[in-house]
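A.B. asks: File name structure.txt; file contents compact mmCIF, C-alpha atoms and all ligand atoms; full text below.
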```
# COMPACT_ATOMS: atom_id res chain seq x y z
CA MET A 1 -20.60 -28.00 -24.69
CA ILE A 2 -23.60 -30.29 -24.07
CA TYR A 3 -23.23 -33.82 -22.71
CA GLY A 4 -25.95 -36.39 -23.34
CA PHE A 5 -26.59 -39.49 -21.28
CA ILE A 6 -28.58 -42.42 -22.66
CA GLY A 7 -29.35 -44.65 -19.68
CA THR A 8 -29.66 -43.22 -16.20
CA GLY A 9 -29.44 -46.49 -14.29
CA ASN A 10 -26.81 -47.33 -11.76
CA MET A 11 -23.74 -46.12 -13.65
CA GLY A 12 -25.31 -43.38 -15.80
CA ARG A 13 -26.63 -41.73 -12.65
CA THR A 14 -23.33 -42.27 -10.80
CA LEU A 15 -21.39 -40.51 -13.58
CA ILE A 16 -23.86 -37.62 -13.89
CA GLU A 17 -23.80 -37.03 -10.14
CA ALA A 18 -20.00 -37.32 -9.93
CA PHE A 19 -19.50 -34.79 -12.76
CA ILE A 20 -21.94 -32.36 -11.13
CA ARG A 21 -20.62 -32.80 -7.59
CA SER A 22 -17.02 -32.40 -8.73
CA GLY A 23 -18.02 -29.06 -10.27
CA LYS A 24 -16.81 -30.23 -13.69
CA LEU A 25 -20.25 -30.06 -15.33
CA LYS A 26 -23.26 -27.91 -14.59
CA PRO A 27 -26.74 -29.48 -14.78
CA SER A 28 -27.53 -27.07 -17.64
CA GLU A 29 -24.79 -28.77 -19.71
CA LEU A 30 -26.58 -32.13 -19.49
CA ILE A 31 -29.42 -33.78 -21.39
CA ILE A 32 -30.62 -37.26 -20.46
CA SER A 33 -32.99 -40.03 -21.52
CA ASN A 34 -33.85 -43.42 -20.09
CA ARG A 35 -36.12 -46.29 -21.15
CA THR A 36 -38.15 -45.97 -17.94
CA LYS A 37 -38.86 -42.25 -18.04
CA SER A 38 -39.64 -41.86 -14.33
CA LYS A 39 -36.01 -42.71 -13.49
CA ALA A 40 -34.63 -39.90 -15.63
CA GLU A 41 -37.38 -37.54 -14.44
CA ALA A 42 -36.38 -38.11 -10.81
CA LEU A 43 -32.77 -37.28 -11.65
CA ALA A 44 -33.75 -34.15 -13.57
CA LYS A 45 -35.85 -33.03 -10.59
CA SER A 46 -32.85 -33.35 -8.25
CA TYR A 47 -30.69 -31.13 -10.46
CA PRO A 48 -32.59 -28.07 -11.66
CA GLY A 49 -31.43 -27.08 -15.13
CA LEU A 50 -30.73 -30.67 -16.21
CA ARG A 51 -32.70 -31.29 -19.41
CA LEU A 52 -34.91 -34.32 -19.89
CA ALA A 53 -35.20 -35.51 -23.51
CA SER A 54 -38.34 -37.20 -24.75
CA ASP A 55 -36.28 -39.97 -26.37
CA ASN A 56 -32.71 -41.05 -27.12
CA ARG A 57 -32.69 -39.32 -30.51
CA GLU A 58 -33.39 -36.01 -28.84
CA THR A 59 -30.49 -36.64 -26.43
CA VAL A 60 -28.17 -37.33 -29.36
CA ARG A 61 -29.36 -34.42 -31.51
CA ASN A 62 -28.76 -31.95 -28.68
CA SER A 63 -25.36 -33.10 -27.48
CA ASP A 64 -21.73 -32.69 -28.51
CA VAL A 65 -20.63 -35.71 -26.50
CA PHE A 66 -23.04 -38.49 -25.60
CA PHE A 67 -22.64 -41.44 -23.27
CA LEU A 68 -24.15 -44.89 -23.77
CA CYS A 69 -24.74 -46.08 -20.20
CA ILE A 70 -26.67 -49.21 -21.09
CA LYS A 71 -26.03 -52.93 -20.77
CA PRO A 72 -24.56 -55.05 -23.60
CA GLY A 73 -27.90 -56.59 -24.60
CA GLU A 74 -29.47 -53.14 -24.89
CA PHE A 75 -27.08 -51.79 -27.54
CA ARG A 76 -28.81 -53.07 -30.65
CA ASN A 77 -32.10 -51.31 -29.80
CA VAL A 78 -30.42 -48.05 -28.89
CA LEU A 79 -28.08 -48.06 -31.89
CA ASP A 80 -31.00 -48.76 -34.25
CA GLU A 81 -32.85 -45.84 -32.72
CA ILE A 82 -30.08 -43.23 -32.75
CA ARG A 83 -28.02 -44.26 -35.78
CA ASP A 84 -29.34 -41.69 -38.27
CA ALA A 85 -29.41 -38.88 -35.69
CA VAL A 86 -25.68 -39.20 -35.00
CA ARG A 87 -23.22 -36.73 -36.58
CA GLU A 88 -19.58 -37.24 -37.56
CA ASP A 89 -18.38 -34.40 -35.33
CA GLN A 90 -19.91 -35.91 -32.19
CA ILE A 91 -18.14 -38.03 -29.60
CA ALA A 92 -19.93 -41.19 -28.48
CA VAL A 93 -18.65 -42.80 -25.28
CA SER A 94 -19.60 -46.34 -24.35
CA ILE A 95 -19.02 -47.43 -20.76
CA THR A 96 -19.63 -51.10 -21.54
CA SER A 97 -16.67 -53.44 -21.85
CA PRO A 98 -17.92 -56.24 -24.17
CA VAL A 99 -19.02 -53.85 -26.93
CA MET A 100 -16.01 -53.44 -29.20
CA VAL A 101 -14.85 -50.00 -30.34
CA ALA A 102 -14.60 -51.15 -33.97
CA ASP A 103 -18.20 -52.42 -33.87
CA LEU A 104 -19.44 -49.07 -32.58
CA GLU A 105 -17.42 -47.37 -35.32
CA ALA A 106 -19.17 -49.58 -37.85
CA TRP A 107 -22.58 -48.60 -36.47
CA LEU A 108 -22.15 -44.91 -35.77
CA SER A 109 -20.50 -42.13 -37.75
CA ALA A 110 -19.41 -40.39 -34.51
CA ARG A 111 -15.94 -40.47 -32.96
CA ILE A 112 -15.98 -43.38 -30.55
CA ALA A 113 -14.35 -43.92 -27.17
CA LYS A 114 -14.83 -46.68 -24.68
CA ILE A 115 -14.36 -45.41 -21.14
CA ILE A 116 -15.06 -47.85 -18.34
CA PRO A 117 -15.71 -46.05 -15.08
CA SER A 118 -15.55 -47.46 -11.57
CA ILE A 119 -17.96 -46.98 -8.70
CA ALA A 120 -14.91 -45.44 -6.99
CA ASN A 121 -15.33 -42.48 -9.35
CA ALA A 122 -18.43 -41.55 -7.30
CA ALA A 123 -15.93 -40.52 -4.61
CA CYS A 124 -13.72 -38.82 -7.23
CA ALA A 125 -11.22 -41.64 -6.76
CA GLY A 126 -10.01 -44.74 -8.57
CA ASN A 127 -9.27 -45.15 -12.26
CA SER A 128 -11.38 -44.87 -15.37
CA LEU A 129 -10.20 -47.03 -18.28
CA PHE A 130 -9.78 -45.16 -21.54
CA ILE A 131 -9.84 -47.06 -24.86
CA PRO A 132 -9.84 -44.48 -27.65
CA GLY A 133 -11.34 -45.19 -31.05
CA SER A 134 -9.54 -44.49 -34.32
CA ARG A 135 -11.51 -41.35 -35.23
CA LEU A 136 -10.83 -39.40 -32.05
CA THR A 137 -8.59 -36.39 -32.64
CA ARG A 138 -5.88 -35.37 -30.20
CA GLU A 139 -8.21 -32.60 -28.95
CA ASN A 140 -11.03 -35.11 -28.45
CA ARG A 141 -8.73 -37.34 -26.38
CA ASP A 142 -7.50 -34.40 -24.29
CA HIS A 143 -11.07 -33.27 -23.79
CA LEU A 144 -12.21 -36.69 -22.52
CA ARG A 145 -9.13 -37.11 -20.35
CA ASP A 146 -9.75 -33.71 -18.81
CA LEU A 147 -13.41 -34.54 -18.23
CA PHE A 148 -12.74 -37.89 -16.56
CA GLY A 149 -9.72 -36.42 -14.76
CA ALA A 150 -12.19 -34.47 -12.61
CA ILE A 151 -13.60 -37.66 -11.11
CA SER A 152 -10.86 -40.28 -11.60
CA GLN A 153 -7.38 -41.05 -12.83
CA PRO A 154 -7.96 -41.93 -16.49
CA LEU A 155 -5.72 -44.78 -17.60
CA MET A 156 -5.12 -45.67 -21.26
CA VAL A 157 -5.74 -49.38 -21.78
CA GLU A 158 -5.37 -51.60 -24.83
CA GLU A 159 -8.77 -53.00 -25.75
CA VAL A 160 -7.36 -56.51 -25.37
CA HIS A 161 -6.73 -55.74 -21.67
CA THR A 162 -10.11 -54.17 -21.01
CA ARG A 163 -11.48 -57.17 -19.17
CA VAL A 164 -8.61 -57.72 -16.78
CA ALA A 165 -8.17 -53.99 -16.10
CA SER A 166 -11.89 -53.71 -15.44
CA ASP A 167 -11.74 -56.70 -13.08
CA LEU A 168 -9.16 -54.85 -11.00
CA ALA A 169 -10.49 -51.29 -11.22
CA CYS A 170 -14.24 -51.68 -11.63
CA CYS A 171 -15.37 -55.10 -10.38
CA ALA A 172 -12.91 -55.28 -7.49
CA PRO A 173 -14.76 -52.75 -5.29
CA ALA A 174 -17.56 -55.34 -5.17
CA PHE A 175 -15.13 -58.25 -4.74
CA MET A 176 -13.30 -56.50 -1.90
CA ALA A 177 -16.55 -55.43 -0.22
CA HIS A 178 -17.66 -59.05 -0.35
CA LEU A 179 -14.42 -60.27 1.24
CA MET A 180 -14.72 -57.68 4.00
CA GLU A 181 -18.30 -58.70 4.68
CA LYS A 182 -17.26 -62.37 4.82
CA LEU A 183 -14.47 -61.50 7.26
CA ALA A 184 -16.91 -59.62 9.49
CA ASP A 185 -19.51 -62.41 9.29
CA ALA A 186 -16.91 -65.04 10.21
CA ALA A 187 -15.93 -62.95 13.23
CA VAL A 188 -19.58 -62.77 14.27
CA GLU A 189 -20.10 -66.52 13.81
CA GLU A 190 -16.94 -67.52 15.63
CA THR A 191 -17.14 -65.12 18.58
CA GLY A 192 -20.62 -63.66 18.92
CA LEU A 193 -19.36 -60.12 18.30
CA PRO A 194 -22.35 -57.93 17.31
CA ARG A 195 -22.57 -57.76 13.48
CA GLU A 196 -22.91 -54.01 13.53
CA THR A 197 -19.62 -53.73 15.43
CA ALA A 198 -17.88 -56.18 13.10
CA LEU A 199 -19.06 -54.30 9.98
CA SER A 200 -18.05 -50.95 11.47
CA LEU A 201 -14.58 -52.27 12.34
CA VAL A 202 -13.84 -53.58 8.84
CA THR A 203 -15.27 -50.46 7.21
CA ARG A 204 -13.09 -48.09 9.25
CA MET A 205 -10.14 -50.41 8.61
CA ALA A 206 -10.72 -50.07 4.84
CA GLU A 207 -10.80 -46.29 5.13
CA GLY A 208 -7.42 -46.33 6.88
CA LEU A 209 -6.00 -48.89 4.47
CA GLY A 210 -6.96 -46.72 1.49
CA ARG A 211 -5.28 -43.69 3.01
CA LEU A 212 -2.10 -45.57 3.88
CA LEU A 213 -1.81 -46.84 0.31
CA THR A 214 -2.58 -43.51 -1.36
CA GLU A 215 -1.08 -40.91 0.99
CA GLY A 216 0.77 -42.90 3.64
CA GLY A 217 3.71 -44.11 1.59
CA PHE A 218 2.81 -47.79 1.91
CA THR A 219 2.64 -50.40 -0.81
CA LEU A 220 0.58 -53.58 -0.50
CA GLU A 221 3.80 -55.44 0.21
CA THR A 222 5.28 -53.08 2.83
CA LEU A 223 1.94 -52.87 4.56
CA GLN A 224 1.80 -56.64 5.04
CA GLU A 225 5.40 -56.64 6.29
CA ARG A 226 4.71 -53.90 8.84
CA VAL A 227 1.67 -55.62 10.34
CA ALA A 228 2.85 -59.22 10.19
CA VAL A 229 5.73 -59.11 12.64
CA PRO A 230 7.76 -62.34 12.61
CA GLY A 231 6.27 -64.94 14.94
CA GLY A 232 3.14 -62.82 15.40
CA ILE A 233 -0.55 -63.56 14.96
CA THR A 234 -1.05 -61.79 11.62
CA ARG A 235 1.67 -63.98 10.04
CA GLU A 236 -0.39 -67.08 10.93
CA GLY A 237 -3.39 -65.56 9.17
CA LEU A 238 -1.40 -64.51 6.12
CA ASN A 239 0.04 -68.01 5.77
CA LEU A 240 -3.48 -69.41 5.61
CA LEU A 241 -4.64 -66.78 3.10
CA GLN A 242 -1.62 -67.40 0.91
CA LYS A 243 -2.52 -71.06 0.66
CA ASP A 244 -6.28 -70.75 0.19
CA VAL A 245 -7.11 -67.39 -1.38
CA GLY A 246 -4.65 -67.21 -4.31
CA PRO A 247 -6.26 -69.99 -6.38
CA VAL A 248 -9.73 -68.48 -5.89
CA PHE A 249 -8.61 -65.31 -7.62
CA ASN A 250 -7.13 -67.23 -10.54
CA GLU A 251 -10.49 -68.92 -10.92
CA LEU A 252 -12.27 -65.57 -10.61
CA ILE A 253 -10.19 -63.97 -13.39
CA ARG A 254 -10.81 -66.98 -15.63
CA LEU A 255 -14.53 -66.75 -14.88
CA THR A 256 -14.86 -63.04 -15.70
CA HIS A 257 -12.98 -63.63 -18.95
CA ALA A 258 -15.23 -66.54 -19.93
CA LYS A 259 -18.34 -64.41 -19.27
CA TYR A 260 -16.75 -61.55 -21.21
CA GLU A 261 -16.12 -63.74 -24.27
CA ASP A 262 -19.69 -64.97 -24.08
CA ASP A 263 -21.02 -61.40 -23.85
CA ILE A 264 -18.86 -60.30 -26.80
CA GLU A 265 -20.26 -63.09 -28.92
CA LYS A 266 -23.86 -62.26 -27.95
CA VAL A 267 -23.33 -58.55 -28.67
CA GLN A 268 -21.74 -59.28 -32.05
CA ASN A 269 -24.57 -61.64 -32.98
CA SER A 270 -27.07 -58.92 -32.14
CA LEU A 271 -25.17 -56.13 -33.94
CA PHE A 272 -24.20 -58.19 -37.00
CA PRO A 273 -26.62 -61.13 -37.27
CA LYS A 274 -25.36 -63.75 -39.69
CA MET A 275 -27.50 -63.95 -42.82
CA LYS A 276 -29.70 -67.06 -42.59
CA LYS A 277 -29.56 -69.23 -45.70
N1 LIG B 1 -21.98 -50.87 -12.13
C1 LIG B 1 -20.71 -50.57 -12.30
O1 LIG B 1 -19.93 -50.40 -11.33
C2 LIG B 1 -20.18 -50.40 -13.68
C3 LIG B 1 -20.96 -50.69 -14.78
N2 LIG B 1 -20.45 -50.56 -16.04
C4 LIG B 1 -21.26 -50.90 -17.21
O2 LIG B 1 -22.27 -49.94 -17.38
C5 LIG B 1 -23.35 -50.52 -18.09
C6 LIG B 1 -24.64 -50.12 -17.40
O3 LIG B 1 -24.63 -50.72 -16.13
P1 LIG B 1 -25.61 -50.24 -15.00
O4 LIG B 1 -25.75 -48.76 -15.02
O5 LIG B 1 -25.14 -50.90 -13.75
O6 LIG B 1 -26.98 -50.91 -15.51
P2 LIG B 1 -28.46 -50.44 -15.21
O7 LIG B 1 -29.36 -51.55 -15.63
O8 LIG B 1 -28.57 -49.93 -13.81
O9 LIG B 1 -28.66 -49.21 -16.19
C7 LIG B 1 -28.93 -49.34 -17.52
C8 LIG B 1 -29.92 -48.26 -17.86
O10 LIG B 1 -30.11 -48.24 -19.26
C9 LIG B 1 -31.47 -48.00 -19.49
N3 LIG B 1 -31.87 -48.44 -20.82
C10 LIG B 1 -31.97 -49.71 -21.29
N4 LIG B 1 -32.41 -49.71 -22.57
C11 LIG B 1 -32.59 -48.42 -22.90
C12 LIG B 1 -33.05 -47.77 -24.06
N5 LIG B 1 -33.42 -48.45 -25.16
N6 LIG B 1 -33.12 -46.42 -24.04
C13 LIG B 1 -32.77 -45.71 -22.94
N7 LIG B 1 -32.33 -46.28 -21.81
C14 LIG B 1 -32.25 -47.61 -21.78
C15 LIG B 1 -32.18 -48.78 -18.41
O11 LIG B 1 -33.50 -48.29 -18.28
P3 LIG B 1 -34.59 -48.99 -17.34
O12 LIG B 1 -34.77 -48.01 -16.21
O13 LIG B 1 -35.83 -49.10 -18.19
O14 LIG B 1 -34.07 -50.33 -16.92
C16 LIG B 1 -31.29 -48.51 -17.21
O15 LIG B 1 -31.67 -47.35 -16.51
C17 LIG B 1 -23.11 -52.04 -18.10
O16 LIG B 1 -22.66 -52.43 -19.36
C18 LIG B 1 -22.02 -52.23 -17.06
O17 LIG B 1 -21.20 -53.32 -17.36
C19 LIG B 1 -19.20 -50.06 -16.25
C20 LIG B 1 -18.41 -49.74 -15.20
C21 LIG B 1 -18.81 -49.92 -13.82
O1 LIG B 2 -18.23 -55.12 -17.32
C1 LIG B 2 -17.47 -54.38 -16.73
O2 LIG B 2 -16.28 -54.42 -16.90
C2 LIG B 2 -18.00 -53.39 -15.77
C3 LIG B 2 -17.24 -53.31 -14.51
C4 LIG B 2 -18.23 -53.44 -13.42
C5 LIG B 2 -19.44 -53.74 -14.12
N1 LIG B 2 -19.32 -53.69 -15.37
```
Could you express the structure from this file as structure tokens?
Ligand SMILES: NC(=O)C1=CN([C@@H]2O[C@H](COP(=O)(O)OP(=O)(O)OC[C@H]3O[C@@H](n4cnc5c(N)ncnc54)[C@H](OP(=O)(O)O)[C@@H]3O)[C@@H](O)[C@H]2O)C=CC1
Ligand SMILES: O=C(O)[C@@H]1CCC=N1
C.D. replies:
Amino acid sequence: MIYGFIGTGNMGRTLIEAFIRSGKLKPSELIISNRTKSKAEALAKSYPGLRLASDNRETVRNSDVFFLCIKPGEFRNVLDEIRDAVREDQIAVSITSPVMVADLEAWLSARIAKIIPSIANAACAGNSLFIPGSRLTRENRDHLRDLFGAISQPLMVEEVHTRVASDLACCAPAFMAHLMEKLADAAVEETGLPRETALSLVTRMAEGLGRLLTEGGFTLETLQERVAVPGGITREGLNLLQKDVGPVFNELIRLTHAKYEDDIEKVQNSLFPKMKK
């Protein structure tokens, strides 16, 4: 089975490396192409056996399953280029949330799936969000679930919930990292603690927190209860967070959804331009 990757940027490279490091795929099972060739060349050099295609059509022609690891605004170009090289028996996986499964099915004859990975998958952790298209067979679904199961917990998601699920599984690593950095920076500003120490403390804390929640039998709720003893210092902090942080997240979810709707509209205008009168 040969797996093609179109786009070896941030996420394309992350997926390729996660599949290889997990032992799920061998470099010789992969063929890749990228707009800036040097980027794909560098990746191919790091993994002997990994094949570099001269263009996206070559990637498609030589693969059984191919991944579209490109940004929303880049779809029209790539779809135009590969459309007549795609076969009905192939599986095409898009990792991009605002490109609708039905629109990809209209463009390509392949069996379509949308699978949104998370940066957490680089550590073989976290979820991947699985939105199957209508042409996927049961075997195709099992195949993709098995593949992504090597680097993540695949979770079936309704397309209508893609945005919110992606906010929590895929964007949140960045949101949480930002909050941790802000916490460390505030500690530095308020007390003069060296920044390096502050960053190290919050990073180690996050490592422990992750383990407690995954292997330690804690939930988010029980964890807060255990640390915030009544009348203690943590309780004071939690009271403040409860008041101030909640509304920010409501605003954040509304914001990601507004940007998502905007992206969907732009993608649809580029894939299906309205006929000008
Ligand atoms: N970052 C994340 O954590 C996650 C990202 N995603 C989604 O993945 C998608 C890609 O994101 P990301 O990897 O961060 O973006 P990047 O910009 O890092 O990668 C996109 C890659 O696509 C390449 N590309 C663009 N046009 C073409 C083309 N015509 N032919 C071949 N290659 C092309 C670019 O090449 P060039 O080198 O020339 O720029 C670039 O390497 C986005 O839609 C994002 O929303 C999904 C889940 C998580
Ligand atoms: O648009 C998305 O949902 C993904 C998640 C992180 C980046 N892109």
A.B. asks: Using only C-alpha atoms and all ligand atoms for the distances, tell me which of A:Ala123, A:Val157, A:Leu79, A:Ala169 is nearest to ligand LIG 2 (chain B).
C.D. replies: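 Among A:Ala123, A:Val157, A:Leu79, A:Ala169, it is A:Ala169 that comes nearest to ligand LIG 2 (chain B).
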A.B. asks: Check every protein, DNA and RNA residue against ligand LIG 1 (chain B), keep those with an atom at most 6 Å away (counting only C-alpha atoms and all ligand atoms), and present them as a PyMOL selection string.
C.D. replies: chain A and resi 6-12+33-36+69-72+74+77-78+95-96+116-119+170
A.B. asks: For the selection you just gave me, I'd like the residues written to a file as a short mmCIF file (atom, residue, chain, number, x, y, z; two decimals), in the coordinates of the input, keeping C-alpha atoms.
C.D. replies:
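Written output follows (selection.cif):
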```
data_model
loop_
_atom_site.label_atom_id
_atom_site.label_comp_id
_atom_site.auth_asym_id
_atom_site.auth_seq_id
_atom_site.Cartn_x
_atom_site.Cartn_y
_atom_site.Cartn_z
CA ILE A 6 -28.58 -42.42 -22.66
CA GLY A 7 -29.35 -44.65 -19.68
CA THR A 8 -29.66 -43.22 -16.20
CA GLY A 9 -29.44 -46.49 -14.29
CA ASN A 10 -26.81 -47.33 -11.76
CA MET A 11 -23.74 -46.12 -13.65
CA GLY A 12 -25.31 -43.38 -15.80
CA SER A 33 -32.99 -40.03 -21.52
CA ASN A 34 -33.85 -43.42 -20.09
CA ARG A 35 -36.12 -46.29 -21.15
CA THR A 36 -38.15 -45.97 -17.94
CA CYS A 69 -24.74 -46.08 -20.20
CA ILE A 70 -26.67 -49.21 -21.09
CA LYS A 71 -26.03 -52.93 -20.77
CA PRO A 72 -24.56 -55.05 -23.60
CA GLU A 74 -29.47 -53.14 -24.89
CA ASN A 77 -32.10 -51.31 -29.80
CA VAL A 78 -30.42 -48.05 -28.89
CA ILE A 95 -19.02 -47.43 -20.76
CA THR A 96 -19.63 -51.10 -21.54
CA ILE A 116 -15.06 -47.85 -18.34
CA PRO A 117 -15.71 -46.05 -15.08
CA SER A 118 -15.55 -47.46 -11.57
CA ILE A 119 -17.96 -46.98 -8.70
CA CYS A 170 -14.24 -51.68 -11.63
#
```
A.B. asks: If we count all atoms listed in the file, what is near Glu265 of chain A at a cut-off of 12 Å, once residues fewer than 4 positions away on the same chain are taken out, given as a list of chain:residue names?
C.D. replies: A:Pro72, A:Gly73, A:Pro98, A:Val99, A:Met100, A:Asp103, A:Ala258, A:Lys259, A:Tyr260, A:Glu261, A:Asn269, A:Ser270, A:Leu271, A:Phe272, A:Pro273, A:Lys274
A.B. asks: Which one of A:Thr256, A:Ser38, A:Thr197, A:Thr214 sits closest to ligand LIG 2 (chain B) if you count all atoms listed in the file?
C.D. replies: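 For ligand LIG 2 (chain B), the nearest of the candidates is A:Thr256.
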A.B. asks: For ligand LIG 2 (chain B), I'd like the enclosing box, axis-aligned and padded by 8 Å on every side, reported as lines of an AutoDock Vina configuration file with centre and edge lengths in Å to one decimal.
C.D. replies:
```
center_x = -17.9
center_y = -54.2
center_z = -15.4
size_x = 19.2
size_y = 17.8
size_z = 19.9
```
A.B. asks: Using all atoms listed in the file, find the one residue out of A:Ile264, A:Lys37, A:Gly49, A:Ser54 that sits nearest to Leu25 of chain A.
C.D. replies: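 Among A:Ile264, A:Lys37, A:Gly49, A:Ser54, it is A:Gly49 that comes nearest to Leu25 of chain A.
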A.B. asks: Would you mind telling me which residue in A:Arg141, A:Arg51, A:Lys266, A:Lys45 lies nearest to Lys114 of chain A when using all atoms listed in the file?
C.D. replies: A:Arg141
A.B. asks: For the point (-31.7, -30.7, -12.1) in the file's frame, write as a list of chain:residue names all residues with an atom no more than 12 Å away, counting only C-alpha atoms.
C.D. replies: A:Ile16, A:Glu17, A:Ile20, A:Leu25, A:Lys26, A:Pro27, A:Ser28, A:Glu29, A:Leu30, A:Ile31, A:Ile32, A:Ala40, A:Glu41, A:Ala42, A:Leu43, A:Ala44, A:Lys45, A:Ser46, A:Tyr47, A:Pro48, A:Gly49, A:Leu50, A:Arg51, A:Leu52
A.B. asks: Quick check, in Å to one decimal: how far apart do atom CA of Asp80 of chain A and atom CA of Val101 of chain A lie?
C.D. replies: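 Atom CA of Val101 of chain A lies at a distance of 16.7 Å from atom CA of Asp80 of chain A.
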A.B. asks: Name the closest residue to ligand LIG 2 (chain B) among the candidates A:Leu240, A:Leu223, A:Ile253, A:Cys171; distances are taken between atoms, counting all atoms listed in the file.
C.D. replies: A:Cys171
A.B. asks: Rounded to one decimal place, report the atom CA of Phe19 of chain A-atom CA of Ala150 of chain A distance in Å.
C.D. replies: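 Atom-to-atom, atom CA of Phe19 of chain A and atom CA of Ala150 of chain A are spaced 7.3 Å apart.
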A.B. asks: Go through A:Arg57, A:Ser63, A:Arg135, A:Ile115 one by one, measure the shortest atom-to-atom distance of each to Ile82 of chain A using only C-alpha atoms, and give the residue with the smallest value.
C.D. replies: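 The shortest atom-to-atom distance to Ile82 of chain A comes from A:Arg57.
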A.B. asks: Tell me, in Å to one decimal, how far atom CA of Ile112 of chain A is from atom CA of Val93 of chain A.
C.D. replies: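 Answer for the atom CA of Ile112 of chain A to atom CA of Val93 of chain A separation: 5.9 Å.
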A.B. asks: Name the residues in contact with Leu220 of chain A at a cut-off of 10 Å, using all atoms listed in the file, excluding same-chain residues fewer than 6 positions from it; report them as an MDAnalysis selection string.
C.D. replies: chainID A and resid 209 212:213
